[in-house]
Amino acid sequence: MATILIDKLLQAAVKQGASDIHIVVGQPPVFRLHGRMRKLETKVLEPDDTVSLMKSIAPERCQRELQEAGSSDFGFAFSDLARFRVSIFKQRGNISMVLRQIPNDKLTPEQLGLPESVVKLVQRPRGLFLVTGPTGSGKSTTLASLINYLNESHDHHIITIEDPIEFYHEHKKSTINQREVGVDVPSFAEAIRRALRQDPDVILVGEMRDLETISAAIAAAETGHIVFGTLHTNSAQGTVNRMIDAFPGNLQDQIRTQLSTSLIGVVAQTLLPKNGGGRIAAYEVLVVTPGIANLIRENKTFRINSAIQTGAKFGMNLMDDALFNLWRDGKCTVEDVLAKSHRPDDLAKRIVNARRGIMEDGASEEFDHNAPAAGGH
């Protein structure tokens, strides 16, 4: 019964393009479609429904962990249609599940709208490159796309360290080893240290949540590897601060110096509903130039935003500029871009002025057509 049910659910999710499936006692299964939650027109789930659905897909070790720790995460493939990242957990004594769909086809950086400057950065021989943003902002998709790009164009050894593994990569021009934390290796930090003995060119660190992982990643970037990492920060400037603040005061100067030489770039991203359906990403891009490296070293990170503003020729831009462009190009609504803005008041003013400018251009042209040919202008 449960296996039939779960297969039907997964099939429907793939077909409709749902990003998530929520399975909770007391209501029917819920799909998240283009950011909105939609209840399915099926039966309300009872406690034993969610238990049997969970048992039909969760590996033994995860069922044990659920009993002992109250939750567990794993990834699994649904035939060759898609992969899902699953979180199972207890709430009010019942079992709940959330399944996040991970599409099989990896989009190219161009299809994702990633700037050329970012694609150039990841081809450097060494350094730390960070993709940041809130949960569900498409960080995994961006990283998978960049890793796949390198895989198709360079003969590298790529090691990914993930919890759980999301996108599966085949060997193309590169050789790829994907290690899952908790299955193949005990922790992120340990996996990075081990990776350095495995002759890698590229190391992807799924999450940099603690001091140990951050320092291992910086060390790997300094020793001549390209290291991809993710953080849950909203802006490039905030990302640099977050990394430094992870360390105790007496180590912060040393970390600033290390970051100033190892960090090559930060992409902060967010996802917005797109006019006409689907979603689109807005990117803030920081490219670490010698000038920006100095700001990091000298503890002047508060000046990074204005450096990004003047760094357009290096391919840099602030989130609010990206959002403004999405509005201007008719891709997103005013409400949606303002909701994601770092400085909504400033962006709102800018949009009002742009609208006025458009109105005025239109008005002045009409006026010119009808104007008598008078001199003295």
# chains A, B, ... in the order shown; residues from 1 in each chain; ligands from 1
>>> residues_around(residues="stretch 324-339 of chain A", least_positions_apart="6", cutoff="10 Å", atoms="only C-alpha atoms", output="list in words")
Leu271, Leu272, Pro273, Lys274, Asn275, Gly276, Gly277, Arg279, Ile280, Ala281, Ala282, Asp345, Asp346, Leu347, Ala348, Arg350, Ile351, Ala354 and Arg355 of chain A
>>> residues_around(residues="A:Lys90", least_positions_apart="5", cutoff="9 Å", atoms="only C-alpha atoms", output="PyMOL selection string")
chain A and resi 66-67+70-71+95-97
>>> write_last_selection(atoms="N, CA, C and O atoms", output="mmCIF file, in the first residue's frame")
data_model
loop_
_atom_site.group_PDB
_atom_site.id
_atom_site.type_symbol
_atom_site.label_atom_id
_atom_site.label_comp_id
_atom_site.auth_asym_id
_atom_site.auth_seq_id
_atom_site.Cartn_x
_atom_site.Cartn_y
_atom_site.Cartn_z
ATOM 1 N N LEU A 66 16.190 8.063 13.602
ATOM 2 C CA LEU A 66 14.914 8.721 13.896
ATOM 3 C C LEU A 66 14.448 8.346 15.309
ATOM 4 O O LEU A 66 14.023 9.199 16.081
ATOM 5 N N GLN A 67 14.560 7.056 15.650
ATOM 6 C CA GLN A 67 14.159 6.602 16.990
ATOM 7 C C GLN A 67 15.050 7.224 18.061
ATOM 8 O O GLN A 67 14.572 7.687 19.093
ATOM 9 N N GLY A 70 15.365 11.524 17.007
ATOM 10 C CA GLY A 70 14.151 12.283 16.701
ATOM 11 C C GLY A 70 14.084 12.801 15.279
ATOM 12 O O GLY A 70 13.069 13.345 14.861
ATOM 13 N N SER A 71 15.203 12.654 14.515
ATOM 14 C CA SER A 71 15.127 13.039 13.095
ATOM 15 C C SER A 71 16.292 12.414 12.336
ATOM 16 O O SER A 71 17.268 11.982 12.932
ATOM 17 N N ILE A 95 5.159 10.823 13.016
ATOM 18 C CA ILE A 95 6.250 10.939 12.040
ATOM 19 C C ILE A 95 5.839 11.914 10.927
ATOM 20 O O ILE A 95 4.732 11.806 10.388
ATOM 21 N N SER A 96 6.726 12.857 10.618
ATOM 22 C CA SER A 96 6.523 13.739 9.459
ATOM 23 C C SER A 96 7.691 13.565 8.497
ATOM 24 O O SER A 96 8.783 13.169 8.907
ATOM 25 N N MET A 97 7.459 13.899 7.227
ATOM 26 C CA MET A 97 8.538 13.851 6.229
ATOM 27 C C MET A 97 8.452 15.049 5.304
ATOM 28 O O MET A 97 7.358 15.495 4.961
#
>>> atom_distance(atom1="atom CA of A:Leu196", atom2="atom CA of A:Ala268")
27.0 Å
>>> closest_atom_pairs(of="stretch 167-257 of chain A", to="stretch 127-151 of chain A", cutoff="9 Å", atoms="only C-alpha atoms", output="CSV")
residue,atom,partner,partner_atom,distance
A:Phe167,CA,A:Ala144,CA,6.6
A:Tyr168,CA,A:Ala144,CA,8.8
A:His169,CA,A:Asn148,CA,7.3
A:Glu170,CA,A:Asn151,CA,8.6
A:His171,CA,A:Asn151,CA,7.2
A:Lys172,CA,A:Asn151,CA,5.8
A:Lys173,CA,A:Asn151,CA,5.5
A:Ser174,CA,A:Asn151,CA,4.8
A:Thr175,CA,A:Asn151,CA,7.7
A:Ile176,CA,A:Asn151,CA,8.0
A:Val202,CA,A:Ile147,CA,8.7
A:Leu204,CA,A:Leu143,CA,8.4
A:Gly206,CA,A:Ser140,CA,8.3
A:Ala217,CA,A:Leu128,CA,7.6
A:Ile218,CA,A:Leu128,CA,6.8
A:Ala220,CA,A:Gly127,CA,8.3
A:Ala221,CA,A:Gly127,CA,4.6
A:Glu222,CA,A:Gly127,CA,6.5
A:Thr223,CA,A:Gly127,CA,8.7
A:Gly224,CA,A:Gly127,CA,7.1
A:His225,CA,A:Gly127,CA,6.3
A:Ile226,CA,A:Gly127,CA,4.9
A:Val227,CA,A:Leu128,CA,4.8
A:Phe228,CA,A:Phe129,CA,4.9
A:Gly229,CA,A:Leu130,CA,4.8
A:Thr230,CA,A:Val131,CA,4.9
A:Leu231,CA,A:Thr132,CA,4.8
A:His232,CA,A:Gly133,CA,5.0
A:Thr233,CA,A:Gly133,CA,5.1
A:Asn234,CA,A:Gly133,CA,4.9
A:Ser235,CA,A:Gly133,CA,7.4
A:Ala236,CA,A:Thr132,CA,7.8
A:Thr239,CA,A:Thr132,CA,7.4
>>> closest_residue(among="A:Glu284, A:Gln27, A:Phe74, A:Arg194", to="A:Glu180", atoms="only C-alpha atoms")
A:Phe74
>>> atom_distance(atom1="atom CA of A:Lys39", atom2="atom CA of A:Asn94")
19.4 Å
>>> residues_around(residues="A:Ile6", least_positions_apart="6", cutoff="10 Å", atoms="only C-alpha atoms", output="list of chain:residue names")
A:Ala12, A:Ser52, A:Leu53, A:Met54, A:Ser56, A:Ile57
>>> residues_around(residues="A:Met37", least_positions_apart="2", cutoff="10 Å", atoms="only C-alpha atoms", output="list in words")
Ala18, Asp20, Ile21, His22, Val30, Phe31, Arg32, Leu33, His34, Gly35, Lys39 and Leu40 of chain A
>>> write_last_selection(atoms="N, CA, C and O atoms", output="PDB file, in the first residue's frame")
ATOM      1  N   ALA A  18       6.993  19.941  -8.591  1.00  0.00           N
ATOM      2  CA  ALA A  18       6.947  20.392  -7.190  1.00  0.00           C
ATOM      3  C   ALA A  18       8.369  20.413  -6.638  1.00  0.00           C
ATOM      4  O   ALA A  18       9.153  19.511  -6.907  1.00  0.00           O
ATOM      5  N   ASP A  20       8.960  20.512  -3.284  1.00  0.00           N
ATOM      6  CA  ASP A  20       8.940  19.763  -2.026  1.00  0.00           C
ATOM      7  C   ASP A  20       7.623  19.016  -1.868  1.00  0.00           C
ATOM      8  O   ASP A  20       6.589  19.457  -2.376  1.00  0.00           O
ATOM      9  N   ILE A  21       7.686  17.902  -1.118  1.00  0.00           N
ATOM     10  CA  ILE A  21       6.474  17.178  -0.717  1.00  0.00           C
ATOM     11  C   ILE A  21       6.465  17.153   0.809  1.00  0.00           C
ATOM     12  O   ILE A  21       7.466  16.762   1.428  1.00  0.00           O
ATOM     13  N   HIS A  22       5.364  17.593   1.405  1.00  0.00           N
ATOM     14  CA  HIS A  22       5.242  17.570   2.865  1.00  0.00           C
ATOM     15  C   HIS A  22       4.247  16.476   3.260  1.00  0.00           C
ATOM     16  O   HIS A  22       3.120  16.472   2.767  1.00  0.00           O
ATOM     17  N   VAL A  30       1.091  17.533   0.861  1.00  0.00           N
ATOM     18  CA  VAL A  30       1.122  18.904   0.339  1.00  0.00           C
ATOM     19  C   VAL A  30       2.330  19.050  -0.589  1.00  0.00           C
ATOM     20  O   VAL A  30       3.431  18.605  -0.244  1.00  0.00           O
ATOM     21  N   PHE A  31       2.123  19.651  -1.759  1.00  0.00           N
ATOM     22  CA  PHE A  31       3.229  19.961  -2.677  1.00  0.00           C
ATOM     23  C   PHE A  31       3.565  21.432  -2.564  1.00  0.00           C
ATOM     24  O   PHE A  31       2.658  22.255  -2.422  1.00  0.00           O
ATOM     25  N   ARG A  32       4.852  21.757  -2.654  1.00  0.00           N
ATOM     26  CA  ARG A  32       5.205  23.167  -2.829  1.00  0.00           C
ATOM     27  C   ARG A  32       5.475  23.374  -4.326  1.00  0.00           C
ATOM     28  O   ARG A  32       6.379  22.760  -4.879  1.00  0.00           O
ATOM     29  N   LEU A  33       4.653  24.198  -4.940  1.00  0.00           N
ATOM     30  CA  LEU A  33       4.765  24.467  -6.380  1.00  0.00           C
ATOM     31  C   LEU A  33       5.092  25.936  -6.581  1.00  0.00           C
ATOM     32  O   LEU A  33       4.322  26.799  -6.155  1.00  0.00           O
ATOM     33  N   HIS A  34       6.230  26.212  -7.225  1.00  0.00           N
ATOM     34  CA  HIS A  34       6.661  27.601  -7.457  1.00  0.00           C
ATOM     35  C   HIS A  34       6.563  28.435  -6.184  1.00  0.00           C
ATOM     36  O   HIS A  34       6.096  29.571  -6.203  1.00  0.00           O
ATOM     37  N   GLY A  35       6.960  27.835  -5.069  1.00  0.00           N
ATOM     38  CA  GLY A  35       7.000  28.601  -3.830  1.00  0.00           C
ATOM     39  C   GLY A  35       5.712  28.579  -3.022  1.00  0.00           C
ATOM     40  O   GLY A  35       5.694  29.014  -1.880  1.00  0.00           O
ATOM     41  N   LYS A  39      -2.372  21.736  -1.161  1.00  0.00           N
ATOM     42  CA  LYS A  39      -2.813  20.433  -0.634  1.00  0.00           C
ATOM     43  C   LYS A  39      -3.327  19.568  -1.777  1.00  0.00           C
ATOM     44  O   LYS A  39      -4.028  20.057  -2.660  1.00  0.00           O
ATOM     45  N   LEU A  40      -3.003  18.283  -1.747  1.00  0.00           N
ATOM     46  CA  LEU A  40      -3.535  17.373  -2.762  1.00  0.00           C
ATOM     47  C   LEU A  40      -4.959  16.980  -2.386  1.00  0.00           C
ATOM     48  O   LEU A  40      -5.322  16.944  -1.221  1.00  0.00           O
TER      49      LEU A  40
END
>>> closest_residue(among="A:Ile158, A:Leu5, A:Val287, A:Leu211", to="A:Ala195", atoms="only C-alpha atoms")
A:Ile158
>>> select_by_dssp(residues="stretch 145-211 of chain A", states="strand (DSSP E or B)", output="list in words")
His157, Ile158, Ile159, Thr160, Ile161, Glu162, Thr175, Ile176, Asn177, Gln178, Arg179, Glu180, Val181, Val185, Val202, Ile203, Leu204 and Val205 of chain A
>>> write_last_selection(atoms="all heavy atoms", output="compact mmCIF listing (two decimals), in the first residue's frame")
# COMPACT_ATOMS: atom_id res chain seq x y z
N HIS A 157 40.46 16.32 -10.73
CA HIS A 157 39.91 15.38 -9.75
C HIS A 157 39.04 16.21 -8.81
O HIS A 157 39.54 17.12 -8.15
CB HIS A 157 41.02 14.66 -8.97
CG HIS A 157 40.47 13.74 -7.90
ND1 HIS A 157 41.16 13.40 -6.77
CD2 HIS A 157 39.25 13.13 -7.80
CE1 HIS A 157 40.41 12.60 -6.01
NE2 HIS A 157 39.26 12.42 -6.62
N ILE A 158 37.75 15.92 -8.79
CA ILE A 158 36.80 16.70 -8.00
C ILE A 158 36.28 15.82 -6.86
O ILE A 158 35.84 14.69 -7.09
CB ILE A 158 35.61 17.15 -8.89
CG1 ILE A 158 36.12 18.03 -10.05
CG2 ILE A 158 34.57 17.90 -8.06
CD1 ILE A 158 35.06 18.35 -11.10
N ILE A 159 36.37 16.34 -5.63
CA ILE A 159 35.81 15.62 -4.48
C ILE A 159 34.68 16.46 -3.91
O ILE A 159 34.86 17.66 -3.65
CB ILE A 159 36.87 15.41 -3.38
CG1 ILE A 159 37.99 14.48 -3.90
CG2 ILE A 159 36.24 14.82 -2.11
CD1 ILE A 159 39.09 14.20 -2.89
N THR A 160 33.50 15.88 -3.76
CA THR A 160 32.42 16.62 -3.09
C THR A 160 32.17 15.97 -1.73
O THR A 160 32.25 14.75 -1.59
CB THR A 160 31.10 16.63 -3.90
OG1 THR A 160 30.44 15.37 -3.77
CG2 THR A 160 31.33 16.93 -5.37
N ILE A 161 31.91 16.83 -0.74
CA ILE A 161 31.61 16.35 0.62
C ILE A 161 30.24 16.92 0.95
O ILE A 161 30.07 18.15 1.04
CB ILE A 161 32.66 16.86 1.62
CG1 ILE A 161 34.08 16.50 1.15
CG2 ILE A 161 32.39 16.31 3.00
CD1 ILE A 161 35.17 17.34 1.80
N GLU A 162 29.23 16.05 1.06
CA GLU A 162 27.86 16.54 1.17
C GLU A 162 27.09 15.82 2.27
O GLU A 162 27.46 14.72 2.68
CB GLU A 162 27.12 16.36 -0.16
CG GLU A 162 27.80 17.06 -1.33
CD GLU A 162 27.19 16.66 -2.67
OE1 GLU A 162 26.09 17.14 -2.97
OE2 GLU A 162 27.81 15.86 -3.39
N THR A 175 37.39 13.32 -13.01
CA THR A 175 37.05 12.19 -12.14
C THR A 175 36.37 12.77 -10.91
O THR A 175 36.89 13.73 -10.33
CB THR A 175 38.33 11.46 -11.72
OG1 THR A 175 38.97 11.00 -12.91
CG2 THR A 175 38.03 10.29 -10.81
N ILE A 176 35.22 12.22 -10.52
CA ILE A 176 34.49 12.78 -9.38
C ILE A 176 34.26 11.75 -8.29
O ILE A 176 33.77 10.65 -8.56
CB ILE A 176 33.11 13.34 -9.83
CG1 ILE A 176 33.31 14.52 -10.77
CG2 ILE A 176 32.27 13.76 -8.63
CD1 ILE A 176 32.18 15.49 -10.83
N ASN A 177 34.64 12.07 -7.07
CA ASN A 177 34.32 11.26 -5.90
C ASN A 177 33.38 12.05 -5.01
O ASN A 177 33.69 13.18 -4.63
CB ASN A 177 35.59 10.91 -5.11
CG ASN A 177 36.36 9.78 -5.75
OD1 ASN A 177 35.85 8.67 -5.86
ND2 ASN A 177 37.58 10.06 -6.19
N GLN A 178 32.21 11.47 -4.70
CA GLN A 178 31.25 12.14 -3.84
C GLN A 178 31.15 11.40 -2.52
O GLN A 178 30.82 10.22 -2.48
CB GLN A 178 29.88 12.21 -4.54
CG GLN A 178 29.94 13.09 -5.78
CD GLN A 178 28.58 13.26 -6.44
OE1 GLN A 178 28.21 12.51 -7.33
NE2 GLN A 178 27.83 14.26 -5.98
N ARG A 179 31.44 12.10 -1.42
CA ARG A 179 31.46 11.47 -0.10
C ARG A 179 30.33 12.03 0.74
O ARG A 179 30.17 13.24 0.85
CB ARG A 179 32.80 11.72 0.58
CG ARG A 179 33.98 11.31 -0.31
CD ARG A 179 35.27 11.31 0.46
NE ARG A 179 35.30 10.23 1.45
CZ ARG A 179 36.18 10.18 2.44
NH1 ARG A 179 37.07 11.13 2.59
NH2 ARG A 179 36.15 9.16 3.29
N GLU A 180 29.57 11.11 1.35
CA GLU A 180 28.43 11.56 2.15
C GLU A 180 28.80 11.53 3.64
O GLU A 180 29.29 10.52 4.15
CB GLU A 180 27.22 10.65 1.88
CG GLU A 180 25.96 11.16 2.54
CD GLU A 180 24.68 10.57 1.90
OE1 GLU A 180 24.66 10.34 0.68
OE2 GLU A 180 23.73 10.36 2.65
N VAL A 181 28.59 12.68 4.30
CA VAL A 181 28.89 12.76 5.72
C VAL A 181 27.95 11.83 6.47
O VAL A 181 26.74 11.79 6.21
CB VAL A 181 28.73 14.22 6.23
CG1 VAL A 181 28.88 14.29 7.74
CG2 VAL A 181 29.75 15.13 5.54
N VAL A 185 32.10 9.24 5.58
CA VAL A 185 33.09 9.99 6.35
C VAL A 185 32.37 10.62 7.55
O VAL A 185 31.20 10.99 7.44
CB VAL A 185 33.75 11.05 5.41
CG1 VAL A 185 32.75 12.11 5.00
CG2 VAL A 185 34.98 11.67 6.04
N VAL A 202 39.69 20.09 -7.08
CA VAL A 202 38.50 20.83 -6.64
C VAL A 202 37.86 20.08 -5.47
O VAL A 202 37.69 18.86 -5.53
CB VAL A 202 37.47 20.93 -7.78
CG1 VAL A 202 36.21 21.67 -7.34
CG2 VAL A 202 38.08 21.61 -9.01
N ILE A 203 37.53 20.82 -4.40
CA ILE A 203 36.82 20.22 -3.26
C ILE A 203 35.54 21.02 -3.02
O ILE A 203 35.59 22.24 -2.88
CB ILE A 203 37.68 20.26 -1.97
CG1 ILE A 203 39.04 19.58 -2.20
CG2 ILE A 203 36.94 19.59 -0.81
CD1 ILE A 203 40.02 19.76 -1.03
N LEU A 204 34.42 20.33 -3.01
CA LEU A 204 33.16 21.01 -2.70
C LEU A 204 32.76 20.64 -1.27
O LEU A 204 32.65 19.46 -0.95
CB LEU A 204 32.05 20.56 -3.65
CG LEU A 204 30.67 21.08 -3.23
CD1 LEU A 204 30.19 22.12 -4.22
CD2 LEU A 204 29.64 20.00 -3.13
N VAL A 205 32.59 21.66 -0.43
CA VAL A 205 32.20 21.44 0.96
C VAL A 205 30.74 21.86 1.10
O VAL A 205 30.42 23.05 1.04
CB VAL A 205 33.06 22.29 1.92
CG1 VAL A 205 32.73 21.95 3.37
CG2 VAL A 205 34.54 22.06 1.64
>>> closest_residue(among="A:Tyr283, A:Met316, A:Asp321, A:Ser306", to="A:Gly113", atoms="only C-alpha atoms")
A:Tyr283
